[in-house]
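Chemist: Can you keep this structure in mind? I'll have questions shortly.
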Amino acid sequence: MASGLAPSRFEAWLKSAGLELEVRRFPEGTRTAEDAARAIGCEVGQIVKSLVFTAGGEAVVALVSGANRLDLARLAALAGGRAAKADAEQVRSATGYAIGGVPPFGHARRLPVFMDRDLERYGVVWAAAGRPDSVFPITPARLVELSGAQVAELA
Ligand code: 5CA
């Protein structure tokens with residue numbers, strides 16, 4: 001838990017799930033991958049973008065390296081249906097979190113998750129922790145395990 005501050009909803013969820021992941025808050029903000037990398041002092045490629053799309057009428061999550069642009073056609077092929085970016089309201093209803101703070105797991109509903117294989121290049125990556133000023137470090141292997149992600153070429 002971030003020191004001196006009440007735990008966020010995502011931190012409370014981590015605790016209830018028995019997961020000991022360290023959430024770090026950066027007052028300067030971690031809203032975008034670039035913001036997060038600057039605040040943390042890591043490579044932008046180490047930032048996990050948790051992007052929500054609809055494919056075949058269903059919400060899906062793509063965990064993409066901050067250095068990459070997602071290839072919609074690749075995601076569509078994996079998810080089985082035409083893929084389109086979810087709007088802010090769809091993101092909130094599917095994940096329970098607002099754009100800029102969407103975590104890679106712990107969503108409001110169980111969603112299919114796909115992970116960019118380029119994230120596996122790093123020993124540690126950083127993902128959003130429910131708020132636009134909060135992130136947590138995790139190994140790619142643990143990220144796959146906890147999100148149930150299918151690892152794929154997404155860039
Ligand atoms: N906290 C950071 C780093 S972990 C973060 O959440 N980055 S992110 O990339 O996962 O979330 C921002 C993404 O939300 C943008 O890359 C963009 O794809 C998406 N986004 C931003 N504005 C909108 C919008 N109005 N509608 C739909 N998606 C949006």
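Ligands are numbered from 1 in the order shown, chains are lettered A, B, ... in the order of the structure tokens, and residues start at 1 in each chain.
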Counting only C-alpha atoms and all ligand atoms, which protein, DNA or RNA residues come within 10 Å of ligand 1, given as a ChimeraX atom specification?
Modeler: /A:29-37,44,46-53,61-66,69-70,84-91,97-104,125-136
Chemist: How about saving the chosen residues, N, CA and C atoms kept, as a compact mmCIF listing (two decimals), in the first residue's frame?
Modeler:
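Resulting contents of selection_24.txt:
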# COMPACT_ATOMS: atom_id res chain seq x y z
N GLY A 29 1.80 11.83 -11.89
CA GLY A 29 0.86 11.19 -12.80
C GLY A 29 1.47 10.11 -13.67
N THR A 30 0.66 9.07 -13.93
CA THR A 30 1.08 7.93 -14.76
C THR A 30 -0.03 7.61 -15.77
N ARG A 31 -0.72 8.65 -16.23
CA ARG A 31 -1.91 8.47 -17.06
C ARG A 31 -1.60 7.80 -18.40
N THR A 32 -0.49 8.19 -19.00
CA THR A 32 -0.10 7.57 -20.28
C THR A 32 1.18 6.76 -20.05
N ALA A 33 1.51 5.93 -21.03
CA ALA A 33 2.73 5.13 -20.92
C ALA A 33 3.95 6.03 -20.78
N GLU A 34 3.97 7.12 -21.53
CA GLU A 34 5.11 8.05 -21.46
C GLU A 34 5.20 8.69 -20.07
N ASP A 35 4.05 9.14 -19.55
CA ASP A 35 4.02 9.72 -18.20
C ASP A 35 4.56 8.72 -17.18
N ALA A 36 4.09 7.48 -17.31
CA ALA A 36 4.46 6.45 -16.33
C ALA A 36 5.96 6.16 -16.40
N ALA A 37 6.49 6.03 -17.62
CA ALA A 37 7.91 5.73 -17.77
C ALA A 37 8.77 6.85 -17.19
N VAL A 44 9.97 3.06 -21.79
CA VAL A 44 8.54 3.12 -22.12
C VAL A 44 8.03 1.73 -22.52
N GLN A 46 8.61 -0.94 -21.07
CA GLN A 46 8.29 -1.70 -19.85
C GLN A 46 6.92 -1.36 -19.27
N ILE A 47 6.26 -0.34 -19.86
CA ILE A 47 4.93 0.03 -19.38
C ILE A 47 3.89 -0.83 -20.08
N VAL A 48 2.99 -1.40 -19.29
CA VAL A 48 1.90 -2.23 -19.82
C VAL A 48 0.70 -1.34 -20.08
N LYS A 49 0.33 -1.17 -21.36
CA LYS A 49 -0.91 -0.48 -21.67
C LYS A 49 -2.03 -1.52 -21.59
N SER A 50 -3.06 -1.24 -20.80
CA SER A 50 -4.21 -2.16 -20.70
C SER A 50 -5.33 -1.57 -21.55
N LEU A 51 -5.41 -2.02 -22.80
CA LEU A 51 -6.33 -1.43 -23.78
C LEU A 51 -7.56 -2.30 -23.94
N VAL A 52 -8.72 -1.66 -23.96
CA VAL A 52 -9.98 -2.39 -24.05
C VAL A 52 -10.57 -2.22 -25.45
N PHE A 53 -10.96 -3.35 -26.01
CA PHE A 53 -11.57 -3.36 -27.35
C PHE A 53 -12.85 -4.16 -27.29
N VAL A 61 -9.37 -7.46 -23.50
CA VAL A 61 -8.29 -6.59 -23.04
C VAL A 61 -7.01 -6.98 -23.75
N ALA A 62 -6.29 -5.99 -24.25
CA ALA A 62 -4.97 -6.23 -24.85
C ALA A 62 -3.93 -5.54 -23.98
N LEU A 63 -2.97 -6.31 -23.50
CA LEU A 63 -1.86 -5.77 -22.71
C LEU A 63 -0.71 -5.54 -23.67
N VAL A 64 -0.41 -4.29 -23.93
CA VAL A 64 0.52 -3.94 -24.99
C VAL A 64 1.69 -3.15 -24.42
N SER A 65 2.90 -3.47 -24.86
CA SER A 65 4.08 -2.71 -24.45
C SER A 65 3.90 -1.23 -24.83
N GLY A 66 4.30 -0.36 -23.93
CA GLY A 66 4.22 1.08 -24.18
C GLY A 66 4.99 1.53 -25.41
N ARG A 69 2.49 -0.15 -30.97
CA ARG A 69 1.11 0.13 -31.38
C ARG A 69 0.45 -1.20 -31.68
N LEU A 70 -0.74 -1.37 -31.12
CA LEU A 70 -1.46 -2.62 -31.34
C LEU A 70 -1.92 -2.72 -32.79
N ALA A 84 -12.77 -3.25 -32.42
CA ALA A 84 -12.83 -1.79 -32.40
C ALA A 84 -12.51 -1.31 -30.99
N LYS A 85 -11.93 -0.12 -30.91
CA LYS A 85 -11.58 0.43 -29.60
C LYS A 85 -12.85 0.71 -28.79
N ALA A 86 -12.86 0.31 -27.54
CA ALA A 86 -14.01 0.59 -26.67
C ALA A 86 -14.03 2.07 -26.33
N ASP A 87 -15.23 2.62 -26.11
CA ASP A 87 -15.29 4.01 -25.67
C ASP A 87 -15.18 4.06 -24.14
N ALA A 88 -15.10 5.28 -23.61
CA ALA A 88 -14.82 5.45 -22.19
C ALA A 88 -15.84 4.72 -21.31
N GLU A 89 -17.11 4.76 -21.72
CA GLU A 89 -18.16 4.12 -20.93
C GLU A 89 -18.04 2.60 -20.99
N GLN A 90 -17.74 2.08 -22.16
CA GLN A 90 -17.56 0.62 -22.30
C GLN A 90 -16.36 0.16 -21.48
N VAL A 91 -15.30 0.97 -21.45
CA VAL A 91 -14.12 0.61 -20.65
C VAL A 91 -14.50 0.51 -19.19
N TYR A 97 -12.97 0.33 -14.16
CA TYR A 97 -11.99 1.40 -13.99
C TYR A 97 -12.03 2.36 -15.16
N ALA A 98 -11.56 3.59 -14.91
CA ALA A 98 -11.57 4.61 -15.96
C ALA A 98 -10.27 4.56 -16.77
N ILE A 99 -10.37 4.98 -18.02
CA ILE A 99 -9.20 5.10 -18.90
C ILE A 99 -8.09 5.85 -18.18
N GLY A 100 -6.88 5.33 -18.30
CA GLY A 100 -5.73 5.95 -17.63
C GLY A 100 -5.34 5.21 -16.37
N GLY A 101 -6.28 4.38 -15.87
CA GLY A 101 -5.98 3.62 -14.65
C GLY A 101 -6.37 2.15 -14.75
N VAL A 102 -6.77 1.72 -15.94
CA VAL A 102 -7.27 0.33 -16.09
C VAL A 102 -6.16 -0.67 -15.78
N PRO A 103 -6.39 -1.53 -14.78
CA PRO A 103 -5.38 -2.53 -14.45
C PRO A 103 -5.45 -3.73 -15.41
N PRO A 104 -4.43 -4.56 -15.43
CA PRO A 104 -4.39 -5.68 -16.37
C PRO A 104 -5.22 -6.89 -15.93
N VAL A 125 7.92 -5.43 -15.61
CA VAL A 125 7.11 -4.43 -16.33
C VAL A 125 6.20 -3.75 -15.30
N TRP A 126 5.61 -2.61 -15.71
CA TRP A 126 4.78 -1.83 -14.79
C TRP A 126 3.41 -1.63 -15.40
N ALA A 127 2.37 -1.88 -14.59
CA ALA A 127 1.00 -1.76 -15.08
C ALA A 127 0.20 -0.81 -14.19
N ALA A 128 -0.89 -0.30 -14.74
CA ALA A 128 -1.75 0.63 -13.99
C ALA A 128 -2.44 -0.11 -12.83
N ALA A 129 -2.62 0.64 -11.74
CA ALA A 129 -3.18 0.06 -10.51
C ALA A 129 -4.51 0.73 -10.14
N GLY A 130 -5.33 1.01 -11.18
CA GLY A 130 -6.68 1.48 -10.91
C GLY A 130 -6.87 2.98 -10.90
N ARG A 131 -5.76 3.71 -10.88
CA ARG A 131 -5.83 5.17 -10.86
C ARG A 131 -4.77 5.74 -11.79
N PRO A 132 -4.97 6.97 -12.26
CA PRO A 132 -4.01 7.56 -13.20
C PRO A 132 -2.73 8.06 -12.55
N ASP A 133 -2.53 7.71 -11.28
CA ASP A 133 -1.26 8.06 -10.61
C ASP A 133 -0.64 6.85 -9.93
N SER A 134 -1.13 5.66 -10.26
CA SER A 134 -0.69 4.46 -9.54
C SER A 134 -0.31 3.35 -10.49
N VAL A 135 0.80 2.71 -10.20
CA VAL A 135 1.30 1.59 -11.00
C VAL A 135 1.91 0.55 -10.07
N PHE A 136 2.12 -0.64 -10.61
CA PHE A 136 2.80 -1.67 -9.82
C PHE A 136 3.74 -2.45 -10.72
Chemist: Please list as a PyMOL selection string every residue within 7 Å of Pro140 in chain A, counting only C-alpha atoms and excluding residues in the same chain fewer than 5 positions away.
Modeler: chain A and resi 119-120+124-125
Chemist: If we count only C-alpha atoms and set the cut-off at 12 Å, which residues sit around Val113 in chain A, ignoring sequence neighbours fewer than 3 positions away in its own chain? Please answer as a ChimeraX atom specification.
Modeler: /A:50-55,58-64,75,78-79,95,103-107,109-110,116,143-152,154
Chemist: List every residue of range 2-153 of chain A that DSSP, applied to the backbone, labels as helix (DSSP H, G or I), and write the result as a PDB file with C-alpha atoms, in the first residue's frame.
Modeler:
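selection_9.pdb, written as the output of this step:
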ATOM      1  CA  ARG A   9     -10.074   0.119  -4.736  1.00  0.00           C
ATOM      2  CA  PHE A  10      -7.544  -1.898  -6.753  1.00  0.00           C
ATOM      3  CA  GLU A  11      -5.246  -2.208  -3.733  1.00  0.00           C
ATOM      4  CA  ALA A  12      -8.210  -3.413  -1.685  1.00  0.00           C
ATOM      5  CA  TRP A  13      -8.957  -5.963  -4.410  1.00  0.00           C
ATOM      6  CA  LEU A  14      -5.313  -7.159  -4.408  1.00  0.00           C
ATOM      7  CA  LYS A  15      -5.485  -7.632  -0.678  1.00  0.00           C
ATOM      8  CA  SER A  16      -8.792  -9.527  -0.861  1.00  0.00           C
ATOM      9  CA  ALA A  33       2.728   5.126 -20.924  1.00  0.00           C
ATOM     10  CA  GLU A  34       5.109   8.050 -21.464  1.00  0.00           C
ATOM     11  CA  ASP A  35       4.025   9.721 -18.199  1.00  0.00           C
ATOM     12  CA  ALA A  36       4.461   6.447 -16.329  1.00  0.00           C
ATOM     13  CA  ALA A  37       7.915   5.729 -17.773  1.00  0.00           C
ATOM     14  CA  ARG A  38       9.078   9.252 -16.909  1.00  0.00           C
ATOM     15  CA  ALA A  39       7.741   9.024 -13.345  1.00  0.00           C
ATOM     16  CA  ILE A  40       9.168   5.535 -12.721  1.00  0.00           C
ATOM     17  CA  VAL A  44       8.539   3.118 -22.118  1.00  0.00           C
ATOM     18  CA  GLY A  45       8.551  -0.467 -23.446  1.00  0.00           C
ATOM     19  CA  GLN A  46       8.288  -1.700 -19.852  1.00  0.00           C
ATOM     20  CA  LEU A  72      -6.104  -4.318 -34.775  1.00  0.00           C
ATOM     21  CA  ALA A  73      -6.150  -7.023 -37.431  1.00  0.00           C
ATOM     22  CA  ARG A  74      -3.987  -9.285 -35.268  1.00  0.00           C
ATOM     23  CA  LEU A  75      -6.251  -8.744 -32.265  1.00  0.00           C
ATOM     24  CA  ALA A  76      -9.344  -9.397 -34.372  1.00  0.00           C
ATOM     25  CA  ALA A  77      -7.870 -12.673 -35.620  1.00  0.00           C
ATOM     26  CA  LEU A  78      -7.114 -13.766 -32.041  1.00  0.00           C
ATOM     27  CA  ALA A  79     -10.405 -12.620 -30.549  1.00  0.00           C
ATOM     28  CA  ALA A  88     -14.820   5.455 -22.186  1.00  0.00           C
ATOM     29  CA  GLU A  89     -18.162   4.120 -20.928  1.00  0.00           C
ATOM     30  CA  GLN A  90     -17.557   0.622 -22.297  1.00  0.00           C
ATOM     31  CA  VAL A  91     -14.121   0.611 -20.654  1.00  0.00           C
ATOM     32  CA  ARG A  92     -15.624   1.529 -17.315  1.00  0.00           C
ATOM     33  CA  SER A  93     -18.451  -0.987 -17.438  1.00  0.00           C
ATOM     34  CA  ALA A  94     -16.248  -3.885 -18.581  1.00  0.00           C
ATOM     35  CA  THR A  95     -13.320  -3.275 -16.247  1.00  0.00           C
ATOM     36  CA  ARG A 117       4.895 -10.956 -26.449  1.00  0.00           C
ATOM     37  CA  ASP A 118       7.370  -8.038 -26.502  1.00  0.00           C
ATOM     38  CA  LEU A 119       6.634  -7.501 -22.794  1.00  0.00           C
ATOM     39  CA  GLU A 120       8.486 -10.776 -22.161  1.00  0.00           C
ATOM     40  CA  ARG A 121      11.749  -9.050 -23.110  1.00  0.00           C
ATOM     41  CA  PRO A 140       5.820 -10.826 -17.293  1.00  0.00           C
ATOM     42  CA  ALA A 141       5.355 -14.458 -16.188  1.00  0.00           C
ATOM     43  CA  ARG A 142       3.308 -13.415 -13.174  1.00  0.00           C
ATOM     44  CA  LEU A 143       1.333 -10.995 -15.337  1.00  0.00           C
ATOM     45  CA  VAL A 144       0.402 -13.857 -17.667  1.00  0.00           C
ATOM     46  CA  GLU A 145      -0.526 -16.041 -14.709  1.00  0.00           C
ATOM     47  CA  LEU A 146      -2.731 -13.492 -12.931  1.00  0.00           C
ATOM     48  CA  SER A 147      -4.422 -12.115 -16.054  1.00  0.00           C
TER      49      SER A 147
END
Chemist: DSSP on the backbone: which residues in chain A end up as strand (DSSP E)? Give the answer as a PyMOL selection string.
Modeler: chain A and resi 24-25+47-55+58-65+83-85+113-116+125-128+134-138+150-152
Chemist: Can those selected residues be exported to a file as a short mmCIF file (atom, residue, chain, number, x, y, z; two decimals), in the first residue's frame so that it contains N, CA, C and O atoms?
Modeler:
data_model
loop_
_atom_site.label_atom_id
_atom_site.label_comp_id
_atom_site.auth_asym_id
_atom_site.auth_seq_id
_atom_site.Cartn_x
_atom_site.Cartn_y
_atom_site.Cartn_z
N ARG A 24 2.65 1.61 -6.33
CA ARG A 24 3.37 2.87 -6.10
C ARG A 24 2.61 4.04 -6.70
O ARG A 24 2.14 3.95 -7.83
N ARG A 25 2.49 5.09 -5.92
CA ARG A 25 1.80 6.29 -6.41
C ARG A 25 2.81 7.34 -6.79
O ARG A 25 3.80 7.55 -6.10
N ILE A 47 6.26 -0.34 -19.86
CA ILE A 47 4.93 0.03 -19.38
C ILE A 47 3.89 -0.83 -20.08
O ILE A 47 3.90 -0.98 -21.30
N VAL A 48 2.99 -1.40 -19.29
CA VAL A 48 1.90 -2.23 -19.82
C VAL A 48 0.70 -1.34 -20.08
O VAL A 48 0.11 -0.80 -19.13
N LYS A 49 0.33 -1.17 -21.36
CA LYS A 49 -0.91 -0.48 -21.67
C LYS A 49 -2.03 -1.52 -21.59
O LYS A 49 -1.93 -2.58 -22.22
N SER A 50 -3.06 -1.24 -20.80
CA SER A 50 -4.21 -2.16 -20.70
C SER A 50 -5.33 -1.57 -21.55
O SER A 50 -6.07 -0.71 -21.09
N LEU A 51 -5.41 -2.02 -22.80
CA LEU A 51 -6.33 -1.43 -23.78
C LEU A 51 -7.56 -2.30 -23.94
O LEU A 51 -7.46 -3.52 -24.04
N VAL A 52 -8.72 -1.66 -23.96
CA VAL A 52 -9.98 -2.39 -24.05
C VAL A 52 -10.57 -2.22 -25.45
O VAL A 52 -10.64 -1.11 -25.98
N PHE A 53 -10.96 -3.35 -26.01
CA PHE A 53 -11.57 -3.36 -27.35
C PHE A 53 -12.85 -4.16 -27.29
O PHE A 53 -13.07 -4.92 -26.34
N THR A 54 -13.70 -3.99 -28.30
CA THR A 54 -14.81 -4.92 -28.46
C THR A 54 -14.50 -5.75 -29.69
O THR A 54 -14.01 -5.23 -30.70
N ALA A 55 -14.74 -7.04 -29.57
CA ALA A 55 -14.52 -7.95 -30.69
C ALA A 55 -15.64 -8.98 -30.66
O ALA A 55 -15.86 -9.63 -29.64
N GLU A 58 -18.01 -8.54 -27.79
CA GLU A 58 -17.54 -8.82 -26.44
C GLU A 58 -16.34 -7.93 -26.12
O GLU A 58 -15.53 -7.65 -26.99
N ALA A 59 -16.23 -7.50 -24.85
CA ALA A 59 -15.06 -6.71 -24.45
C ALA A 59 -13.86 -7.64 -24.28
O ALA A 59 -13.98 -8.73 -23.72
N VAL A 60 -12.72 -7.21 -24.79
CA VAL A 60 -11.46 -7.95 -24.61
C VAL A 60 -10.39 -6.95 -24.19
O VAL A 60 -10.49 -5.76 -24.49
N VAL A 61 -9.37 -7.46 -23.50
CA VAL A 61 -8.29 -6.59 -23.04
C VAL A 61 -7.01 -6.98 -23.75
O VAL A 61 -6.69 -8.17 -23.83
N ALA A 62 -6.29 -5.99 -24.25
CA ALA A 62 -4.97 -6.23 -24.85
C ALA A 62 -3.93 -5.54 -23.98
O ALA A 62 -4.01 -4.33 -23.74
N LEU A 63 -2.97 -6.31 -23.50
CA LEU A 63 -1.86 -5.77 -22.71
C LEU A 63 -0.71 -5.54 -23.67
O LEU A 63 -0.14 -6.51 -24.19
N VAL A 64 -0.41 -4.29 -23.93
CA VAL A 64 0.52 -3.94 -24.99
C VAL A 64 1.69 -3.15 -24.42
O VAL A 64 1.49 -2.24 -23.60
N SER A 65 2.90 -3.47 -24.86
CA SER A 65 4.08 -2.71 -24.45
C SER A 65 3.90 -1.23 -24.83
O SER A 65 3.43 -0.92 -25.93
N ALA A 83 -12.53 -6.08 -34.53
CA ALA A 83 -12.17 -5.42 -33.27
C ALA A 83 -12.24 -3.90 -33.43
O ALA A 83 -11.84 -3.36 -34.46
N ALA A 84 -12.77 -3.25 -32.42
CA ALA A 84 -12.83 -1.79 -32.40
C ALA A 84 -12.51 -1.31 -30.99
O ALA A 84 -12.79 -2.02 -30.01
N LYS A 85 -11.93 -0.12 -30.91
CA LYS A 85 -11.58 0.43 -29.60
C LYS A 85 -12.85 0.71 -28.79
O LYS A 85 -13.81 1.27 -29.33
N VAL A 113 -8.10 -11.92 -22.17
CA VAL A 113 -6.93 -11.04 -22.15
C VAL A 113 -5.86 -11.58 -23.09
O VAL A 113 -5.59 -12.79 -23.10
N PHE A 114 -5.28 -10.70 -23.89
CA PHE A 114 -4.18 -11.05 -24.78
C PHE A 114 -2.99 -10.19 -24.40
O PHE A 114 -3.15 -9.02 -24.11
N MET A 115 -1.80 -10.79 -24.38
CA MET A 115 -0.61 -10.03 -24.00
C MET A 115 0.42 -10.00 -25.12
O MET A 115 0.77 -11.03 -25.69
N ASP A 116 0.90 -8.81 -25.39
CA ASP A 116 1.96 -8.54 -26.35
C ASP A 116 3.23 -9.30 -25.92
O ASP A 116 3.74 -9.10 -24.83
N VAL A 125 7.92 -5.43 -15.61
CA VAL A 125 7.11 -4.43 -16.33
C VAL A 125 6.20 -3.75 -15.30
O VAL A 125 6.04 -4.23 -14.17
N TRP A 126 5.61 -2.61 -15.71
CA TRP A 126 4.78 -1.83 -14.79
C TRP A 126 3.41 -1.63 -15.40
O TRP A 126 3.29 -1.23 -16.56
N ALA A 127 2.37 -1.88 -14.59
CA ALA A 127 1.00 -1.76 -15.08
C ALA A 127 0.20 -0.81 -14.19
O ALA A 127 0.57 -0.56 -13.04
N ALA A 128 -0.89 -0.30 -14.74
CA ALA A 128 -1.75 0.63 -13.99
C ALA A 128 -2.44 -0.11 -12.83
O ALA A 128 -2.81 -1.27 -12.93
N SER A 134 -1.13 5.66 -10.26
CA SER A 134 -0.69 4.46 -9.54
C SER A 134 -0.31 3.35 -10.49
O SER A 134 -1.02 3.07 -11.45
N VAL A 135 0.80 2.71 -10.20
CA VAL A 135 1.30 1.59 -11.00
C VAL A 135 1.91 0.55 -10.07
O VAL A 135 2.18 0.84 -8.90
N PHE A 136 2.12 -0.64 -10.61
CA PHE A 136 2.80 -1.67 -9.82
C PHE A 136 3.74 -2.45 -10.72
O PHE A 136 3.45 -2.65 -11.90
N PRO A 137 4.88 -2.90 -10.15
CA PRO A 137 5.81 -3.71 -10.94
C PRO A 137 5.44 -5.19 -10.84
O PRO A 137 4.93 -5.64 -9.81
N ILE A 138 5.68 -5.91 -11.93
CA ILE A 138 5.36 -7.34 -11.95
C ILE A 138 6.23 -8.00 -13.01
O ILE A 138 6.61 -7.35 -14.00
N GLN A 150 -3.44 -14.83 -23.01
CA GLN A 150 -2.83 -15.57 -24.11
C GLN A 150 -1.74 -14.65 -24.67
O GLN A 150 -2.01 -13.52 -25.06
N VAL A 151 -0.49 -15.14 -24.67
CA VAL A 151 0.62 -14.34 -25.18
C VAL A 151 0.66 -14.46 -26.70
O VAL A 151 0.56 -15.57 -27.23
N ALA A 152 0.79 -13.33 -27.37
CA ALA A 152 0.72 -13.34 -28.83
C ALA A 152 1.47 -12.15 -29.42
O ALA A 152 1.82 -11.21 -28.72
#
Chemist: Go ahead and compute the interatomic distance for CA of Asn68 in chain A and CA of Ala155 in chain A, in Å to one decimal.
Modeler: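 Here the two named atoms are 5.7 Å from each other.
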Chemist: In Å to one decimal, how far is CA of Leu21 in chain A from CA of Gly123 in chain A?
Modeler: 15.4 Å
